[in-house]
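Chemist: What follows is the file my_file-v8.cif, containing mmCIF, C-alpha atoms:
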data_protein
#
loop_
_atom_site.label_atom_id
_atom_site.label_comp_id
_atom_site.auth_asym_id
_atom_site.auth_seq_id
_atom_site.Cartn_x
_atom_site.Cartn_y
_atom_site.Cartn_z
CA MET W 469 -18.40 4.77 0.58
CA THR W 470 -14.59 4.98 0.94
CA GLY W 471 -14.60 1.61 2.67
CA THR W 472 -16.82 -0.02 0.04
CA VAL W 473 -14.60 1.09 -2.85
CA LEU W 474 -11.47 -0.06 -1.02
CA ILE W 475 -13.09 -3.42 -0.26
CA ALA W 476 -13.98 -3.93 -3.92
CA LEU W 477 -10.43 -2.99 -4.98
CA ALA W 478 -8.79 -5.22 -2.35
CA VAL W 479 -10.93 -8.25 -3.22
CA PHE W 480 -10.48 -7.68 -6.97
CA GLY W 481 -6.69 -7.39 -6.59
CA ALA W 482 -6.34 -10.39 -4.28
CA CYS W 483 -8.55 -12.53 -6.49
CA ALA W 484 -6.68 -11.46 -9.64
CA VAL W 485 -3.28 -12.38 -8.13
CA GLU W 486 -4.49 -15.82 -7.02
CA MET W 487 -6.32 -16.37 -10.33
CA VAL W 488 -3.10 -15.82 -12.31
CA GLU W 489 -1.47 -18.59 -10.27
CA ALA W 490 -4.46 -20.92 -10.69
CA LEU W 491 -4.72 -20.19 -14.41
CA THR W 492 -1.09 -21.18 -14.93
CA ILE W 493 -1.85 -24.63 -13.51
CA VAL W 494 -5.10 -25.02 -15.48
CA LEU W 495 -3.37 -24.00 -18.74
CA ALA W 496 -0.52 -26.44 -18.15
CA SER W 497 -2.99 -29.20 -17.29
CA GLY W 498 -5.27 -28.42 -20.26
CA LEU W 499 -2.51 -28.37 -22.86
CA THR W 500 -0.84 -31.56 -21.66
CA ARG W 501 -3.74 -33.69 -20.36
CA GLY W 502 -6.67 -32.38 -22.38
CA TRP W 503 -9.04 -29.45 -21.89
CA ARG W 504 -12.03 -31.50 -20.81
CA SER W 505 -10.46 -32.85 -17.62
CA ALA W 506 -8.68 -29.56 -16.84
CA LEU W 507 -11.86 -27.48 -17.19
CA GLU W 508 -13.95 -30.01 -15.27
CA GLY W 509 -11.41 -29.99 -12.44
CA ALA W 510 -11.40 -26.19 -12.34
CA GLY W 511 -15.20 -26.05 -12.52
CA VAL W 512 -15.73 -28.48 -9.64
CA ALA W 513 -13.18 -26.55 -7.53
CA VAL W 514 -14.99 -23.24 -8.20
CA LEU W 515 -18.26 -24.93 -7.22
CA CYS W 516 -16.72 -26.10 -3.93
CA LEU W 517 -15.49 -22.55 -3.22
CA VAL W 518 -18.95 -21.08 -3.92
CA VAL W 519 -20.48 -23.62 -1.52
CA VAL W 520 -17.97 -22.61 1.20
CA VAL W 521 -18.88 -18.90 0.80
CA ALA W 522 -22.63 -19.65 0.71
CA ALA W 523 -22.44 -21.93 3.74
CA PHE W 524 -20.19 -19.88 6.00
CA GLY W 525 -21.10 -16.32 4.97
CA PRO W 526 -24.73 -16.05 6.19
CA ALA W 527 -24.08 -18.38 9.15
CA LEU W 528 -21.24 -16.22 10.47
CA ILE W 529 -23.29 -13.02 10.06
CA HIS W 530 -26.21 -14.44 12.05
CA TYR W 531 -24.50 -16.33 14.85
CA VAL W 532 -21.27 -14.48 15.67
CA PRO W 533 -21.36 -11.08 17.48
CA ILE W 534 -19.92 -8.30 15.30
CA ALA W 535 -17.17 -7.33 17.80
CA VAL W 536 -15.90 -10.93 17.95
CA LEU W 537 -16.19 -11.28 14.17
CA ARG W 538 -14.20 -8.08 13.61
CA THR W 539 -11.48 -9.07 16.06
CA VAL W 540 -11.03 -12.52 14.50
CA VAL W 541 -11.36 -11.22 10.94
CA GLY W 542 -9.02 -8.29 11.63
CA SER W 543 -6.40 -10.65 13.06
CA LEU W 544 -6.70 -12.99 10.07
CA LEU W 545 -6.45 -10.11 7.61
CA LEU W 546 -3.42 -8.76 9.46
CA VAL W 547 -1.64 -12.13 9.27
CA LEU W 548 -2.51 -12.67 5.59
CA GLY W 549 -1.75 -9.07 4.63
CA LEU W 550 1.58 -9.05 6.45
CA GLN W 551 2.55 -12.34 4.79
CA TRP W 552 1.77 -10.87 1.34
CA LEU W 553 3.44 -7.54 2.11
CA ARG W 554 6.58 -9.19 3.48
CA LYS W 555 6.90 -11.50 0.48
CA ALA W 556 6.30 -8.68 -2.00
CA ILE W 557 8.86 -6.39 -0.29
CA LEU W 558 11.49 -9.16 -0.25
CA ARG W 559 10.83 -9.86 -3.94
CA ALA W 560 10.80 -6.21 -4.97
CA SER W 561 14.08 -5.59 -3.14
CA GLY W 562 15.79 -8.62 -4.69
CA HIS W 563 16.00 -10.79 -1.57
CA LYS W 564 13.62 -13.42 -2.89
CA ALA W 565 13.19 -14.76 -6.43
CA LYS W 566 10.19 -13.34 -8.27
CA HIS W 567 7.20 -15.58 -8.91
CA ASP W 568 7.82 -16.47 -12.58
CA GLU W 569 4.64 -17.93 -14.10
CA ASP W 570 6.49 -19.00 -17.25
CA VAL W 571 8.96 -21.11 -15.28
CA ILE W 572 6.13 -22.66 -13.22
CA TYR W 573 4.17 -23.28 -16.43
CA ARG W 574 7.12 -25.02 -18.12
CA ARG W 575 7.80 -27.09 -15.00
CA GLU W 576 4.15 -28.23 -14.81
CA VAL W 577 4.04 -29.07 -18.54
CA GLU W 578 7.24 -31.08 -18.27
CA ARG W 579 5.97 -32.94 -15.21
CA LEU W 580 2.53 -33.71 -16.67
CA SER W 581 3.81 -34.71 -20.13
CA GLY W 582 5.83 -37.56 -18.64
CA VAL W 583 2.81 -39.26 -17.03
CA PRO W 584 0.87 -41.71 -19.28
CA ARG W 585 -2.85 -40.95 -19.85
CA SER W 586 -5.50 -43.15 -18.27
CA GLY W 587 -7.69 -44.42 -21.17
CA SER W 588 -9.79 -42.34 -23.56
CA GLY W 589 -12.30 -40.74 -21.15
CA ARG W 590 -11.63 -38.14 -18.42
CA ASP W 591 -7.96 -37.92 -17.49
CA SER W 592 -7.91 -38.28 -13.70
CA ILE W 593 -4.47 -36.67 -13.32
CA GLY W 594 -5.42 -33.61 -15.38
CA PHE W 595 -8.66 -33.30 -13.40
CA ALA W 596 -6.89 -33.65 -10.03
CA ILE W 597 -4.09 -31.18 -10.85
CA SER W 598 -6.55 -28.59 -12.09
CA PHE W 599 -8.97 -29.13 -9.19
CA LYS W 600 -6.25 -28.93 -6.54
CA GLY W 601 -4.63 -25.85 -8.09
CA VAL W 602 -7.87 -23.86 -8.29
CA LEU W 603 -9.11 -25.03 -4.87
CA LEU W 604 -5.90 -24.16 -3.01
CA GLU W 605 -5.41 -20.77 -4.67
CA GLY W 606 -9.14 -20.10 -4.34
CA MET W 607 -9.27 -20.81 -0.60
CA GLU W 608 -7.19 -17.71 0.06
CA VAL W 609 -9.62 -15.68 -2.04
CA VAL W 610 -12.59 -17.18 -0.18
CA MET W 611 -10.98 -16.23 3.12
CA ILE W 612 -10.45 -12.65 1.91
CA VAL W 613 -13.98 -12.39 0.44
CA LEU W 614 -15.54 -13.69 3.66
CA THR W 615 -13.42 -11.61 6.04
CA LEU W 616 -13.68 -8.32 4.13
CA GLY W 617 -17.31 -8.87 3.14
CA LEU W 618 -18.54 -9.86 6.59
CA SER W 619 -16.72 -7.19 8.60
CA SER W 620 -17.94 -4.39 6.40
CA GLY W 621 -21.42 -5.79 5.89
CA HIS W 622 -20.80 -5.74 2.12
CA LEU W 623 -20.52 -9.46 1.34
CA ALA W 624 -22.32 -8.98 -1.99
CA VAL W 625 -19.81 -6.30 -3.08
CA ALA W 626 -16.91 -8.60 -2.17
CA VAL W 627 -18.45 -11.53 -4.10
CA VAL W 628 -19.12 -9.37 -7.18
CA ALA W 629 -15.53 -8.02 -7.11
CA ALA W 630 -14.16 -11.58 -6.86
CA VAL W 631 -16.32 -12.80 -9.76
CA ALA W 632 -15.26 -9.76 -11.85
CA ALA W 633 -11.59 -10.59 -11.19
CA VAL W 634 -12.15 -14.24 -12.23
CA VAL W 635 -13.80 -13.11 -15.49
CA VAL W 636 -11.15 -10.47 -16.29
CA VAL W 637 -8.14 -12.67 -15.51
CA THR W 638 -9.62 -15.64 -17.40
CA ALA W 639 -10.29 -13.46 -20.46
CA VAL W 640 -6.81 -11.91 -20.36
CA GLY W 641 -5.22 -15.29 -19.60
CA VAL W 642 -6.90 -16.95 -22.57
CA ALA W 643 -5.94 -14.01 -24.81
CA VAL W 644 -2.25 -13.92 -23.86
CA SER W 645 -2.11 -17.67 -23.20
CA ARG W 646 1.45 -18.37 -22.10
CA GLN W 647 2.62 -14.82 -21.43
CA LEU W 648 1.40 -14.69 -17.85
CA ARG W 649 4.77 -13.37 -16.69
CA GLU W 650 3.73 -10.00 -18.16
CA VAL W 651 1.21 -9.61 -15.34
CA PRO W 652 2.76 -7.29 -12.70
CA GLU W 653 2.02 -9.82 -10.00
CA ASN W 654 4.44 -8.54 -7.38
CA ALA W 655 3.24 -4.94 -7.65
CA MET W 656 -0.33 -6.21 -7.29
CA LYS W 657 0.66 -8.31 -4.30
CA LEU W 658 2.32 -5.27 -2.69
CA ALA W 659 -0.81 -3.15 -3.21
CA VAL W 660 -3.23 -5.82 -2.01
CA GLY W 661 -1.02 -6.68 0.97
CA THR W 662 -1.07 -3.00 1.97
CA MET W 663 -4.88 -2.94 1.71
CA LEU W 664 -5.31 -6.15 3.73
CA VAL W 665 -3.04 -4.86 6.50
CA SER W 666 -5.00 -1.57 6.56
CA PHE W 667 -8.37 -3.35 6.83
CA GLY W 668 -6.92 -5.78 9.37
CA SER W 669 -5.68 -2.91 11.56
CA PHE W 670 -8.99 -1.07 11.24
CA TRP W 671 -11.30 -3.97 12.08
CA GLY W 672 -8.96 -5.62 14.55
CA GLY W 673 -8.83 -2.25 16.33
CA GLU W 674 -12.61 -1.73 16.21
CA GLY W 675 -13.13 -5.27 17.50
CA VAL W 676 -11.10 -4.55 20.65
CA GLY W 677 -12.84 -1.20 21.23
CA ILE W 678 -10.60 1.32 19.48
CA HIS W 679 -12.44 4.32 17.97
CA TRP W 680 -10.58 5.49 14.89
CA PRO W 681 -10.49 9.27 14.40
CA GLY W 682 -12.57 10.13 11.31
CA SER W 683 -14.17 6.67 11.33
CA ASP W 684 -13.98 5.05 7.83
CA LEU W 685 -11.77 7.86 6.56
CA SER W 686 -8.97 6.68 8.82
CA LEU W 687 -8.66 3.71 6.44
CA LEU W 688 -7.09 6.11 3.95
CA GLY W 689 -4.63 7.25 6.62
CA LEU W 690 -3.72 3.64 7.45
CA LEU W 691 -3.28 2.89 3.73
CA ALA W 692 -0.95 5.87 3.33
CA VAL W 693 1.12 4.87 6.37
CA TYR W 694 1.52 1.24 5.29
CA ALA W 695 2.17 2.15 1.64
CA ALA W 696 4.92 4.54 2.76
CA LEU W 697 6.31 1.84 5.04
CA GLY W 698 6.41 -0.66 2.14
CA TRP W 699 8.11 1.86 -0.14
CA VAL W 700 10.74 2.75 2.47
CA ALA W 701 11.36 -0.95 3.23
CA VAL W 702 11.94 -1.75 -0.46
CA ARG W 703 14.35 1.22 -0.79
CA ILE W 704 16.31 0.27 2.33
CA LEU W 705 16.54 -3.43 1.46
CA GLU W 706 17.09 -3.00 -2.29
CA ARG W 707 20.13 -4.73 -3.68
CA PRO W 708 21.46 -5.54 -7.19
CA ARG W 709 19.19 -7.97 -9.04
CA ASP W 710 20.04 -11.65 -9.37
CA THR W 711 19.30 -12.34 -13.05
CA SER W 712 19.10 -16.14 -12.73
CA PRO W 713 15.70 -17.47 -13.84
CA ALA W 714 14.97 -19.03 -10.48
CA ALA W 715 11.41 -19.02 -9.28
CA ASP W 716 9.65 -20.31 -6.25
CA ALA W 717 6.05 -21.24 -5.92
CA GLY W 718 5.21 -19.20 -2.83
CA MET X 174 -12.90 -38.60 8.80
CA ASN X 175 -9.80 -38.32 10.96
CA ARG X 176 -7.66 -38.03 7.85
CA TRP X 177 -9.83 -35.16 6.57
CA ALA X 178 -9.69 -33.39 9.93
CA LEU X 179 -5.92 -33.78 10.06
CA ALA X 180 -5.53 -32.54 6.49
CA PHE X 181 -7.80 -29.55 7.22
CA GLY X 182 -5.86 -28.76 10.41
CA LYS X 183 -2.58 -28.92 8.52
CA PHE X 184 -3.99 -26.67 5.79
CA CYS X 185 -5.16 -24.09 8.37
CA TYR X 186 -1.79 -24.17 10.12
CA GLU X 187 0.10 -23.68 6.84
CA PHE X 188 -2.34 -20.95 5.85
CA VAL X 189 -2.08 -18.88 9.04
CA VAL X 190 1.37 -19.74 10.38
CA GLY X 191 3.31 -21.18 7.43
CA ASP X 192 6.97 -20.18 7.32
CA THR X 193 6.40 -16.93 9.23
CA PRO X 194 5.35 -17.93 12.77
CA GLU X 195 6.58 -14.55 14.05
CA LEU X 196 3.75 -12.83 12.15
CA ALA X 197 1.00 -15.06 13.60
CA ILE X 198 2.35 -14.70 17.16
CA GLY X 199 3.04 -10.99 16.66
CA VAL X 200 -0.50 -10.26 15.42
CA ALA X 201 -1.96 -12.04 18.47
CA ILE X 202 0.22 -9.84 20.71
CA VAL X 203 -0.79 -6.69 18.77
CA ILE X 204 -4.51 -7.44 19.18
CA VAL X 205 -4.24 -8.31 22.88
CA GLY X 206 -2.03 -5.25 23.43
CA GLY X 207 -4.55 -3.04 21.63
CA TRP X 208 -7.36 -4.40 23.80
CA ALA X 209 -5.38 -3.89 27.04
CA LEU X 210 -4.34 -0.36 26.07
CA THR X 211 -7.90 0.61 25.08
CA ARG X 212 -9.12 -0.65 28.45
CA ALA X 213 -6.43 1.38 30.21
CA ILE X 214 -6.47 4.71 28.38
CA GLY X 215 -9.46 4.59 25.99
CA SER X 216 -9.62 6.28 22.56
CA PRO X 217 -6.10 7.79 22.48
CA SER X 218 -4.80 4.22 21.98
CA PHE X 219 -5.62 4.22 18.24
CA TRP X 220 -1.97 4.87 17.33
CA PHE X 221 -0.85 1.60 18.96
CA ILE X 222 -1.93 -0.83 16.22
CA PRO X 223 -0.22 0.90 13.24
CA VAL X 224 2.99 1.39 15.23
CA ALA X 225 2.99 -2.22 16.48
CA VAL X 226 2.19 -3.60 13.00
CA ALA X 227 5.00 -1.54 11.44
CA THR X 228 7.44 -2.83 14.07
CA LEU X 229 6.27 -6.40 13.48
CA LEU X 230 6.74 -6.11 9.71
CA ALA X 231 10.21 -4.61 10.15
CA ALA X 232 11.21 -7.44 12.51
CA SER X 233 9.88 -10.10 10.12
CA LEU X 234 11.69 -8.51 7.16
CA TRP X 235 14.86 -8.39 9.21
CA ARG X 236 14.44 -12.10 9.93
CA GLY X 237 13.93 -12.81 6.23
CA VAL X 238 16.92 -10.77 5.08
CA SER X 239 19.33 -11.95 7.76
CA GLY X 240 19.24 -15.43 6.22
CA ARG X 241 17.69 -17.42 9.01
CA GLN X 242 14.76 -18.02 6.71
CA SER X 243 13.85 -16.93 3.17
#
Output the file's structure in the form of structure tokens.
Modeler:
Amino acid sequence: MTGTVLIALAVFGACAVEMVEALTIVLASGLTRGWRSALEGAGVAVLCLVVVVAAFGPALIHYVPIAVLRTVVGSLLLVLGLQWLRKAILRASGHKAKHDEDVIYRREVERLSGVPRSGSGRDSIGFAISFKGVLLEGMEVVMIVLTLGLSSGHLAVAVVAAVAAVVVVTAVGVAVSRQLREVPENAMKLAVGTMLVSFGSFWGGEGVGIHWPGSDLSLLGLLAVYAALGWVAVRILERPRDTSPAADAG
Amino acid sequence: MNRWALAFGKFCYEFVVGDTPELAIGVAIVIVGGWALTRAIGSPSFWFIPVAVATLLAASLWRGVSGRQS
């Protein structure tokens, strides 16, 4: 039960963070190149992602032994989670510029406005930008949905959490339109990174034969340890903020 | 076909290794170390992974802060 709730939260958080980034690109594309091509590009990308989950999910469950699956999945989650955690700690402590969706949005709008449209039908550039943005951001979500869902045996829970995040972020994104910078993206990234590292440790460990004391409950212990580690790291590395509006697209 | 395979390979490399190769290599060492320790001493080895992961994160943060890479 503990594991299932944590899986739903981790997938929802990861999907929400990536969706904010994808939505920025779709909004910029829609407003400059037309909504039809932007929405079609996003729609086709989502379809591709669904096909990837449907194709790989059941196949991996049936053909790969659970110990191997957990070792590989645990390792992948550890790498992804550590990348997120590291980036979020460096941003929170002022060593890396925060991910500013407004700056990215303005940059995309400026870039796309300068390119002439191709005829009166579907705008191929708007379609391609939107498709690529959603597909690339979505691949990370697919990886997280597959790894968390397969290792725990709760693929359906992971898929439902991801779909819920897409719906919520899209609704909020449409409502606030260009105020995506208000989303506490770094805090979310820090929380999700902590969860991914916890799951990665747990399943990576189980895959190589470690028996965790308290079974699933040890996930809470791992979460507490890594959350404390993140908090301490931010405090130690913290330095005065650089107020320049720089942003990177990492 | 070759172009697609190359592009997919590049995507996977960027996805897993990217600009933090120390994390990818470190995680491989953590998993192999966990396996070896479990073989050697059994269940008491559960502490190894959290300690090794914490050390790995600290080392990677140190690398990021010390300016060799941001």
Chemist: Please indicate the distance in Å from atom CA of Lys600 of chain W to atom CA of Ala632 of chain W, rounded to one decimal place.
Modeler: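 These atoms are spaced 21.8 Å apart.
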Chemist: Pick out the chain X residues within 6 Å of chain W. Count only C-alpha atoms. Give them as number ranges by chain.
Modeler: X: 197, 208, 216, 219
Chemist: Tell me, in Å to one decimal, how far atom CA of Thr662 of chain W is from atom CA of Gly549 of chain W.
Modeler: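 Calculated distance between atom CA of Thr662 of chain W and atom CA of Gly549 of chain W is 6.7 Å.
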Chemist: Report as number ranges by chain all protein, DNA and RNA residues lying within 9 Å of Arg504 of chain W, evaluated on all atoms listed in the file, omitting residues in the same chain fewer than 6 positions from it.
Modeler: W: 498, 590-591, 594-595
Chemist: Quick one: distance from atom CA of Ala476 of chain W to atom CA of Ala629 of chain W in Å, one decimal?
Modeler: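 Between atom CA of Ala476 of chain W and atom CA of Ala629 of chain W the gap is 5.4 Å.
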Chemist: Neighbouring residues of segment 512-517 of chain W were defined as those with any atom within 12 Å, considering all atoms listed in the file; residues of the same chain fewer than 5 positions away were excluded. Please report them as a VMD selection string.
Modeler: chain W and resid 487 490 494 505 to 507 522 to 525 595 to 611 613 to 614 627 630 to 631 634
